[in-house]
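Structure, as structure tokens:
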Amino acid sequence: MRFERQAIAAALNLIEDRRPDRQQQALTLLDELAALPAPAHVVGITGPPGVGKSSLISRLIALAAPTGRRLGVVAVDPSSKVSGGALLGDRGRIQVPSQAPVYVRSFAARDRLGGLSREAFSAVFLLRHLCDVVLVETVGVGQSETDVAHVADTVVLVVQPFSGDLLQFIKAGVMEIPDVLAVNKADDEALARKAVAEVKAALAFERRPWSRPVLAVSATTDLHLEALEKAIAAHYHHLVATGTLESRRAEQAIAWAVGEVVYELGRVGLAALGGTAGVTALWSRQPVTWNDARRLAAVLNRVHCTVKGEE
Ligand SMILES: Nc1nc2c(ncn2[C@@H]2O[C@H](COP(=O)(O)OP(=O)(O)O)[C@@H](O)[C@H]2O)c(=O)[nH]1
Ligand SMILES: [Mg+2]
């Protein structure tokens with residue numbers, strides 16, 4: 001399949017269109033996509049506003065460009081804007097080299113209860129089939145770090161050196177979520193060493209199957225960006241090797257289905273189905289040979305019958 005920005009945009013519009021005939025077309029399209037090989041590695045880049053998430057994404061895109069890897073970027077940060085690549089240093093903009101196979105879509109609003117918009121979910125779902133890597137930028141303030149775990153295989157938390165961000169995250173209990181920690185704006189080695197020491201001290205007593213790498217990086221001086229790329233890839237290999245990629249993907253599919261049920265019928269409809277547990281049960285009753293889009297269609301159909309009181 002060719003990597004065409006216009007075709008991707010058209011496909012996203014189709015998925016988001018709720019008219020029944022358009023939904024049928026979308027299902028057919030998703031069926032075709034599901035038959036294509038290996039979905040992408042989805043990487044969530046989260047952290048407080050202004051820490052340099054968009055800048056880091058721009059640098060990761062630039063690093064990947066010569067390899068020809070296909071990248072999708074979904075930015076939920078309202079300040080993110082796409083640029084043609086000319087306006088270097090422009091705040092909040094994600095830079096894309098003009099010939100690189102990169103598709104960027106920004107979402108301003110959050111209409112889904114509890115965080116990521118459904119459009120963002122759909123975009124990740126589609127891009128996962130078309131790209132090698134999908135980067136998802138979300139602003140990390142409280143709830144949304146947990147949210148990004150619903151779409152990302154690997155979550156990178158970006159913080160600033162000596163900002164106290166990390167202590168706040170530990171207090172708020174969101175430190176369970178990230179798989180990789182990046183301290184950005186560590187523009188030189190001396191600063192980087194101190195920044196890493198600070199984070200490692202804060203996380204000193206961790207014992208986990210995946211020991212979380214802590215990297216001090218700089219989107220401005222490119223310090224340790226290749227190490228960041230490697231750490232992200234290493235986490236993906238860890239997920240594959242331990243068989244957790246599949247279970248994460250299954251959890252993501254359910255989170256997506258729950259979100260769609262809430263979108264269709266609101267909290268009342270979700271409750272009528274028995275909440276997340278009810279959706280999970282319905283989901284697992286669909287044929288395992290079906291792809292996620294077909295299973296979701298069956299679940300939503302069931303929701304409509306339940307709410308109308310039909311059997
Ligand atoms: N010194 C320094 N500034 C940076 C670095 N990365 C980003 N910035 C600056 O920090 C500001 C916010 O960056 P942005 O990428 O928009 O942050 P986001 O809100 O997390 O996406 C911009 O002015 C960037 O130029 C870095 O590594 N070092
Ligand atoms: Mg940003």
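Going by the structure tokens order, chains are called A, B, ..., each with residues numbered from 1, while ligands are numbered from 1 in the order shown.
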How close does each residue of chain A get to ligand 1, giving the shortest atom pair and distance in Å to one decimal for every residue with an atom at most 6 Å away, counting only C-alpha atoms and all ligand atoms, sorted by chain and residue number, as a tab-separated table?
```
residue	atom	partner	partner_atom_place_in_ligand_line	distance
A:Pro49	CA	ligand 1	19 (O)	4.0
A:Gly50	CA	ligand 1	19 (O)	3.5
A:Val51	CA	ligand 1	20 (O)	4.1
A:Gly52	CA	ligand 1	17 (O)	3.2
A:Lys53	CA	ligand 1	20 (O)	3.7
A:Ser54	CA	ligand 1	15 (O)	3.7
A:Ser55	CA	ligand 1	15 (O)	3.7
A:Gly89	CA	ligand 1	25 (O)	5.6
A:Arg91	CA	ligand 1	16 (O)	4.7
A:Gly92	CA	ligand 1	16 (O)	3.4
A:Asn184	CA	ligand 1	27 (O)	5.1
A:Lys185	CA	ligand 1	27 (O)	3.4
A:Asp187	CA	ligand 1	28 (N)	5.6
A:Ser218	CA	ligand 1	27 (O)	3.3
A:Ala219	CA	ligand 1	27 (O)	3.7
A:Thr220	CA	ligand 1	27 (O)	4.3
```
Same residues, N, CA, C and O atoms, saved as a compact mmCIF listing (two decimals), in the first residue's frame:
```
# COMPACT_ATOMS: atom_id res chain seq x y z
N PRO A 49 2.78 20.37 29.81
CA PRO A 49 2.93 21.30 28.69
C PRO A 49 4.29 21.99 28.75
O PRO A 49 4.75 22.33 29.84
N GLY A 50 4.92 22.14 27.60
CA GLY A 50 6.16 22.91 27.54
C GLY A 50 7.44 22.14 27.83
O GLY A 50 8.53 22.71 27.76
N VAL A 51 7.33 20.82 28.12
CA VAL A 51 8.56 20.07 28.41
C VAL A 51 9.34 19.72 27.15
O VAL A 51 10.49 19.29 27.22
N GLY A 52 8.69 19.86 25.99
CA GLY A 52 9.38 19.59 24.73
C GLY A 52 8.94 18.32 24.03
O GLY A 52 9.71 17.74 23.25
N LYS A 53 7.70 17.91 24.23
CA LYS A 53 7.20 16.69 23.57
C LYS A 53 7.18 16.85 22.05
O LYS A 53 7.68 15.99 21.32
N SER A 54 6.61 17.97 21.58
CA SER A 54 6.54 18.19 20.13
C SER A 54 7.94 18.31 19.54
O SER A 54 8.21 17.78 18.45
N SER A 55 8.82 19.00 20.27
CA SER A 55 10.20 19.15 19.78
C SER A 55 10.88 17.79 19.67
O SER A 55 11.57 17.50 18.69
N GLY A 89 12.13 25.82 15.01
CA GLY A 89 12.09 26.43 16.33
C GLY A 89 10.75 27.03 16.71
O GLY A 89 10.61 27.56 17.79
N ARG A 91 7.39 27.35 18.28
CA ARG A 91 6.89 26.66 19.46
C ARG A 91 5.67 25.79 19.17
O ARG A 91 4.71 26.21 18.55
N GLY A 92 5.73 24.55 19.66
CA GLY A 92 4.56 23.67 19.56
C GLY A 92 4.40 22.98 18.23
O GLY A 92 3.56 22.10 18.09
N ASN A 184 13.96 15.83 29.36
CA ASN A 184 14.35 16.66 28.21
C ASN A 184 14.97 17.97 28.71
O ASN A 184 14.93 18.30 29.89
N LYS A 185 15.55 18.70 27.79
CA LYS A 185 16.24 19.98 28.05
C LYS A 185 17.51 19.78 28.88
O LYS A 185 17.97 20.70 29.55
N ASP A 187 20.62 19.85 28.08
CA ASP A 187 21.30 20.24 26.84
C ASP A 187 22.78 19.84 26.76
O ASP A 187 23.35 19.78 25.68
N SER A 218 18.10 15.91 24.89
CA SER A 218 17.83 17.29 24.51
C SER A 218 17.36 17.34 23.06
O SER A 218 18.06 16.86 22.16
N ALA A 219 16.19 17.92 22.86
CA ALA A 219 15.68 18.08 21.50
C ALA A 219 16.40 19.24 20.81
O ALA A 219 16.35 19.36 19.58
N THR A 220 17.07 20.06 21.59
CA THR A 220 17.77 21.21 21.01
C THR A 220 19.17 20.82 20.55
O THR A 220 19.59 21.18 19.45
```
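Around Ala234 in chain A, within 12 Å and counting only C-alpha atoms, the residues found are His41, Asp153, Thr154, Asp179, Val180, Trp210, Ser211, Arg212, Pro213, Ala227, Leu228, Glu229, Lys230, His238, Leu239, Val240 and Ala241 of chain A, once anything fewer than 4 positions away on its own chain is removed.
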Please dump the current selection as a short mmCIF file (atom, residue, chain, number, x, y, z; two decimals), in the first residue's frame; keep N, CA and C atoms.
```cif
data_model
loop_
_atom_site.label_atom_id
_atom_site.label_comp_id
_atom_site.auth_asym_id
_atom_site.auth_seq_id
_atom_site.Cartn_x
_atom_site.Cartn_y
_atom_site.Cartn_z
N HIS A 41 4.30 -0.24 16.00
CA HIS A 41 4.59 -0.02 17.40
C HIS A 41 4.02 1.35 17.76
N ASP A 153 1.53 1.12 23.10
CA ASP A 153 2.22 -0.09 23.56
C ASP A 153 3.33 0.30 24.53
N THR A 154 3.93 1.45 24.25
CA THR A 154 5.03 1.95 25.07
C THR A 154 4.71 3.40 25.42
N ASP A 179 6.83 3.58 30.60
CA ASP A 179 7.77 2.48 30.38
C ASP A 179 9.18 3.01 30.18
N VAL A 180 9.26 4.28 29.76
CA VAL A 180 10.55 4.93 29.53
C VAL A 180 10.44 6.34 30.09
N TRP A 210 10.34 -5.20 33.83
CA TRP A 210 10.99 -4.29 32.87
C TRP A 210 11.61 -3.16 33.67
N SER A 211 12.93 -3.11 33.71
CA SER A 211 13.52 -2.03 34.49
C SER A 211 13.55 -0.79 33.63
N ARG A 212 12.85 0.24 34.09
CA ARG A 212 12.55 1.38 33.22
C ARG A 212 13.78 2.25 32.98
N PRO A 213 14.15 2.40 31.71
CA PRO A 213 15.30 3.24 31.43
C PRO A 213 15.01 4.72 31.72
N ALA A 227 19.85 7.08 21.85
CA ALA A 227 19.66 6.19 23.00
C ALA A 227 18.17 6.11 23.36
N LEU A 228 17.48 7.23 23.22
CA LEU A 228 16.03 7.24 23.50
C LEU A 228 15.30 6.35 22.51
N GLU A 229 15.66 6.51 21.24
CA GLU A 229 15.07 5.66 20.20
C GLU A 229 15.30 4.18 20.50
N LYS A 230 16.52 3.86 20.90
CA LYS A 230 16.87 2.46 21.21
C LYS A 230 16.08 1.95 22.42
N HIS A 238 10.84 -6.23 24.40
CA HIS A 238 10.48 -6.83 25.70
C HIS A 238 9.01 -7.28 25.67
N LEU A 239 8.13 -6.42 25.13
CA LEU A 239 6.70 -6.78 25.07
C LEU A 239 6.49 -8.02 24.21
N VAL A 240 7.19 -8.07 23.09
CA VAL A 240 7.03 -9.22 22.19
C VAL A 240 7.59 -10.48 22.86
N ALA A 241 8.78 -10.36 23.45
CA ALA A 241 9.46 -11.53 24.02
C ALA A 241 8.68 -12.12 25.20
#
```
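Shortest separation to Thr244 in chain A among A:Pro20, A:Pro39, A:Pro209, A:Arg295 occurs at residue A:Pro209, atoms counted being only C-alpha atoms.
Across A:Ala10, A:Leu127, A:Val136, A:Leu30, the tightest approach to ligand 2 is made by A:Val136 when counting only C-alpha atoms and all ligand atoms.
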> Got a sec: who's within 10 Å of Glu260 in chain A, counting only C-alpha atoms, leaving out chain neighbours fewer than 2 positions off, as a list in words?
Replying inline: Arg112, Arg118, Phe121, Ile254, Ala255, Trp256, Ala257, Val258, Val262, Tyr263, Glu264, Leu265, Gly266, Leu270, Leu296, Ala297, Val299 and Leu300 of chain A
> Near range 68-76 of chain A, within 10 Å and counting only C-alpha atoms, which residues show up once chain neighbours fewer than 5 positions away are dropped, as a ChimeraX atom specification?
Replying inline: /A:3,40-46,53-54,57-58,60-61,81-82,94,99-110,115-117,119-121,123-124,126-128,130-139
Output N, CA and C atoms of each residue in that selection to a file, as a tab-separated table (two decimals), in the first residue's frame.
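Result file is out-v3.tsv:
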```tsv
chain	number	residue	atom	x	y	z
A	3	PHE	N	1.92	5.13	0.72
A	3	PHE	CA	1.71	5.99	1.88
A	3	PHE	C	1.27	7.35	1.38
A	40	ALA	N	1.78	-1.40	13.60
A	40	ALA	CA	2.91	-0.60	14.08
A	40	ALA	C	3.14	-0.69	15.59
A	41	HIS	N	4.30	-0.24	16.00
A	41	HIS	CA	4.59	-0.02	17.40
A	41	HIS	C	4.02	1.35	17.76
A	42	VAL	N	3.07	1.40	18.70
A	42	VAL	CA	2.46	2.67	19.07
A	42	VAL	C	3.14	3.21	20.33
A	43	VAL	N	3.69	4.41	20.20
A	43	VAL	CA	4.47	5.00	21.29
A	43	VAL	C	3.79	6.27	21.78
A	44	GLY	N	3.39	6.29	23.02
A	44	GLY	CA	2.79	7.49	23.61
A	44	GLY	C	3.89	8.38	24.17
A	45	ILE	N	3.82	9.66	23.85
A	45	ILE	CA	4.77	10.63	24.39
A	45	ILE	C	3.95	11.59	25.24
A	46	THR	N	4.11	11.49	26.55
A	46	THR	CA	3.26	12.29	27.42
A	46	THR	C	4.11	13.11	28.39
A	53	LYS	N	7.70	17.91	24.23
A	53	LYS	CA	7.20	16.69	23.57
A	53	LYS	C	7.18	16.85	22.05
A	54	SER	N	6.61	17.97	21.58
A	54	SER	CA	6.54	18.19	20.13
A	54	SER	C	7.94	18.31	19.54
A	57	ILE	N	9.41	14.88	19.29
A	57	ILE	CA	8.79	14.13	18.18
A	57	ILE	C	9.39	14.59	16.85
A	58	SER	N	9.58	15.90	16.70
A	58	SER	CA	10.18	16.42	15.47
A	58	SER	C	11.57	15.81	15.25
A	60	LEU	N	12.71	12.95	16.54
A	60	LEU	CA	12.58	11.51	16.27
A	60	LEU	C	12.17	11.27	14.82
A	61	ILE	N	11.32	12.15	14.29
A	61	ILE	CA	10.93	12.05	12.88
A	61	ILE	C	12.17	12.25	12.00
A	81	LYS	N	0.78	22.17	16.02
A	81	LYS	CA	0.38	22.47	14.65
A	81	LYS	C	1.41	21.85	13.72
A	82	VAL	N	0.94	21.44	12.55
A	82	VAL	CA	1.87	20.85	11.60
A	82	VAL	C	2.48	21.96	10.77
A	94	ILE	N	5.21	20.54	15.08
A	94	ILE	CA	5.94	19.31	14.77
A	94	ILE	C	6.49	19.46	13.36
A	99	GLN	N	9.83	15.20	2.12
A	99	GLN	CA	9.69	13.95	1.37
A	99	GLN	C	9.48	12.72	2.25
A	100	ALA	N	9.53	12.88	3.56
A	100	ALA	CA	9.49	11.72	4.45
A	100	ALA	C	8.07	11.11	4.52
A	101	PRO	N	7.99	9.77	4.62
A	101	PRO	CA	6.67	9.14	4.75
A	101	PRO	C	6.12	9.31	6.16
A	102	VAL	N	5.62	10.50	6.44
A	102	VAL	CA	5.12	10.83	7.78
A	102	VAL	C	3.74	11.43	7.64
A	103	TYR	N	2.81	10.94	8.46
A	103	TYR	CA	1.47	11.53	8.47
A	103	TYR	C	1.20	12.09	9.86
A	104	VAL	N	0.85	13.37	9.95
A	104	VAL	CA	0.61	14.00	11.25
A	104	VAL	C	-0.84	14.47	11.32
A	105	ARG	N	-1.50	14.15	12.40
A	105	ARG	CA	-2.86	14.67	12.60
A	105	ARG	C	-2.96	15.22	14.02
A	106	SER	N	-3.45	16.44	14.14
A	106	SER	CA	-3.58	17.07	15.46
A	106	SER	C	-5.05	17.14	15.86
A	107	PHE	N	-5.29	16.95	17.13
A	107	PHE	CA	-6.65	17.07	17.65
A	107	PHE	C	-6.66	18.09	18.77
A	108	ALA	N	-7.56	19.04	18.67
A	108	ALA	CA	-7.59	20.10	19.67
A	108	ALA	C	-8.41	19.69	20.88
A	109	ALA	N	-9.57	19.11	20.63
A	109	ALA	CA	-10.51	18.91	21.72
A	109	ALA	C	-10.47	17.50	22.28
A	110	ARG	N	-10.96	17.37	23.48
A	110	ARG	CA	-11.16	16.05	24.08
A	110	ARG	C	-12.64	15.91	24.33
A	115	GLY	N	-10.71	11.70	28.74
A	115	GLY	CA	-9.43	11.99	28.08
A	115	GLY	C	-9.36	12.00	26.58
A	116	LEU	N	-8.63	11.06	25.97
A	116	LEU	CA	-8.38	11.06	24.53
A	116	LEU	C	-9.68	11.10	23.74
A	117	SER	N	-9.73	11.91	22.71
A	117	SER	CA	-10.94	11.98	21.90
A	117	SER	C	-11.09	10.71	21.07
A	119	GLU	N	-11.80	10.54	18.02
A	119	GLU	CA	-11.12	10.73	16.74
A	119	GLU	C	-9.65	10.32	16.86
A	120	ALA	N	-9.05	10.66	18.00
A	120	ALA	CA	-7.65	10.30	18.21
A	120	ALA	C	-7.50	8.77	18.27
A	121	PHE	N	-8.44	8.12	18.96
A	121	PHE	CA	-8.42	6.65	19.00
A	121	PHE	C	-8.50	6.07	17.59
A	123	ALA	N	-7.80	7.47	14.79
A	123	ALA	CA	-6.61	7.79	14.00
A	123	ALA	C	-5.49	6.80	14.34
A	124	VAL	N	-5.31	6.51	15.62
A	124	VAL	CA	-4.26	5.57	16.01
A	124	VAL	C	-4.59	4.19	15.45
A	126	LEU	N	-6.25	3.35	12.81
A	126	LEU	CA	-5.99	3.27	11.37
A	126	LEU	C	-4.49	3.30	11.08
A	127	LEU	N	-3.80	4.26	11.69
A	127	LEU	CA	-2.37	4.46	11.39
A	127	LEU	C	-1.54	3.24	11.80
A	128	ARG	N	-2.01	2.55	12.83
A	128	ARG	CA	-1.32	1.34	13.28
A	128	ARG	C	-1.18	0.32	12.16
A	130	LEU	N	-0.94	1.17	8.96
A	130	LEU	CA	-0.28	1.75	7.79
A	130	LEU	C	1.16	2.16	8.04
A	131	CYS	N	1.56	2.19	9.30
A	131	CYS	CA	2.88	2.73	9.64
A	131	CYS	C	3.74	1.68	10.32
A	132	ASP	N	5.01	2.01	10.44
A	132	ASP	CA	5.91	1.18	11.24
A	132	ASP	C	5.89	1.62	12.70
A	133	VAL	N	5.79	2.93	12.89
A	133	VAL	CA	5.72	3.48	14.25
A	133	VAL	C	4.66	4.58	14.26
A	134	VAL	N	3.84	4.58	15.31
A	134	VAL	CA	2.88	5.67	15.50
A	134	VAL	C	3.22	6.37	16.81
A	135	LEU	N	3.46	7.68	16.74
A	135	LEU	CA	3.76	8.47	17.94
A	135	LEU	C	2.50	9.23	18.35
A	136	VAL	N	2.13	9.13	19.62
A	136	VAL	CA	0.94	9.82	20.10
A	136	VAL	C	1.35	10.83	21.16
A	137	GLU	N	1.15	12.11	20.88
A	137	GLU	CA	1.50	13.15	21.87
A	137	GLU	C	0.27	13.51	22.69
A	138	THR	N	0.36	13.38	24.01
A	138	THR	CA	-0.74	13.81	24.87
A	138	THR	C	-0.17	14.68	25.99
A	139	VAL	N	-0.95	15.64	26.42
A	139	VAL	CA	-0.51	16.48	27.54
A	139	VAL	C	-0.77	15.72	28.82
```
